[in-house]
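Take a look at the structure set out below.
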Amino acid sequence: MKCKALLLGSMLLLGLASCSDLGVTNSSDSTIPPLPDDFDAKLYLQMNPDVFVALIQDSVVRHNASYLGADSLKDDTLFLMDTTTARWIKTQFHISDLMLNLATLRSSLETGLLESKYFRSKVGFSAYTYNFRGNPQDVQAYQNIIANVDSTLFGEYNYQYAGRYDGHPYRYCTAADTTLRNSATQAVSIKAGPGKTAFDFSAHTYCYNDSTKLIYMISNKLVAK
């Protein structure tokens, strides 16, 4: 797998996908506020492992869409029985057993309750989400992708086009940051596709309180970088 080419394509696609639902509200880059003055891309990525989850998932989808090998449940079944890979995913991306739920998925596969198409499209954190078909070295593929990320560029790009709108924290809270993140009072509801809505938190910026393990609104005004 050509990891660098796949990585660049994934970054572009992730950026476009992230802002596509907000296209009406943010029709040009000129409407996007500048980065906060104290923004640190590496810290932002450490605080938001789901950003890497999205990058990995997109890379897997792109690889599997072009994979010409047999399309069967064999790959998925073997992947779900690979406890080393599952443990690495959960540890690195902070995914709970409930979300990944390998035991339930494996049981469904073994009893023949799920067909390949349904399994790939309907089950949340499934084998298809993380399994590079035809490549038994999944963890190595993940590591190559993350290692080749320009963390500054990727972090800034993701925050500007996705994290800002999702209310992702970008730094740790100070004593002055005491207002919890609240979608009812701090976000606006926007259209996110046919019959779907999403919350836009971009009017504010957010921090993470390492003591309470909660996200708070940053009290000071946005400072341009």
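Residue numbering restarts at 1 for every chain of the structure tokens, chains are lettered A, B, ... in their displayed order, and ligands are numbered from 1 as they appear.
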Quick one: everything within 6 Å of range 40-48 of chain A, counting only C-alpha atoms, minus sequence neighbours fewer than 4 positions away in the same chain. Send it as a compact mmCIF listing (two decimals) with N, CA and C atoms, in the first residue's frame.
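And here's around.txt as it stands now:
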# COMPACT_ATOMS: atom_id res chain seq x y z
N THR A 152 1.36 18.99 12.35
CA THR A 152 0.99 20.40 12.42
C THR A 152 -0.03 20.74 11.35
N GLY A 155 -3.33 18.66 11.94
CA GLY A 155 -4.07 19.16 13.09
C GLY A 155 -4.75 20.48 12.81
N GLU A 156 -4.02 21.40 12.19
CA GLU A 156 -4.59 22.71 11.86
C GLU A 156 -5.73 22.56 10.85
N TYR A 170 -9.10 22.25 22.14
CA TYR A 170 -7.78 22.31 21.51
C TYR A 170 -6.67 22.56 22.53
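The neighbours of Lys213 in chain A here are the residues that come within 12 Å of it, using only C-alpha atoms and leaving out any residue fewer than 2 positions away in the same chain; they are Met47, Pro169, Tyr172, Cys173, Leu180, Cys207, Tyr208, Asn209, Asp210, Ser211, Ile215 and Tyr216 of chain A.
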Open item on the list: I'd like the neighbourhood of Thr85 in chain A as a ChimeraX atom specification, where a residue qualifies if any of its atoms comes within 10 Å (using only C-alpha atoms), though same-chain residues fewer than 2 positions away should be ignored.
Closed with: /A:79-83,87-91,130-131,137-140
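Our summary of the geometry notes that CA of Ser202 in chain A is positioned 6.8 Å from CA of Gly167 in chain A.
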TODO: Point out the residue among A:Gly195, A:Asp58, A:Ala176, A:Ala65 with the least atom-to-atom distance to Thr129 in chain A, counting only C-alpha atoms.
DONE: A:Asp58
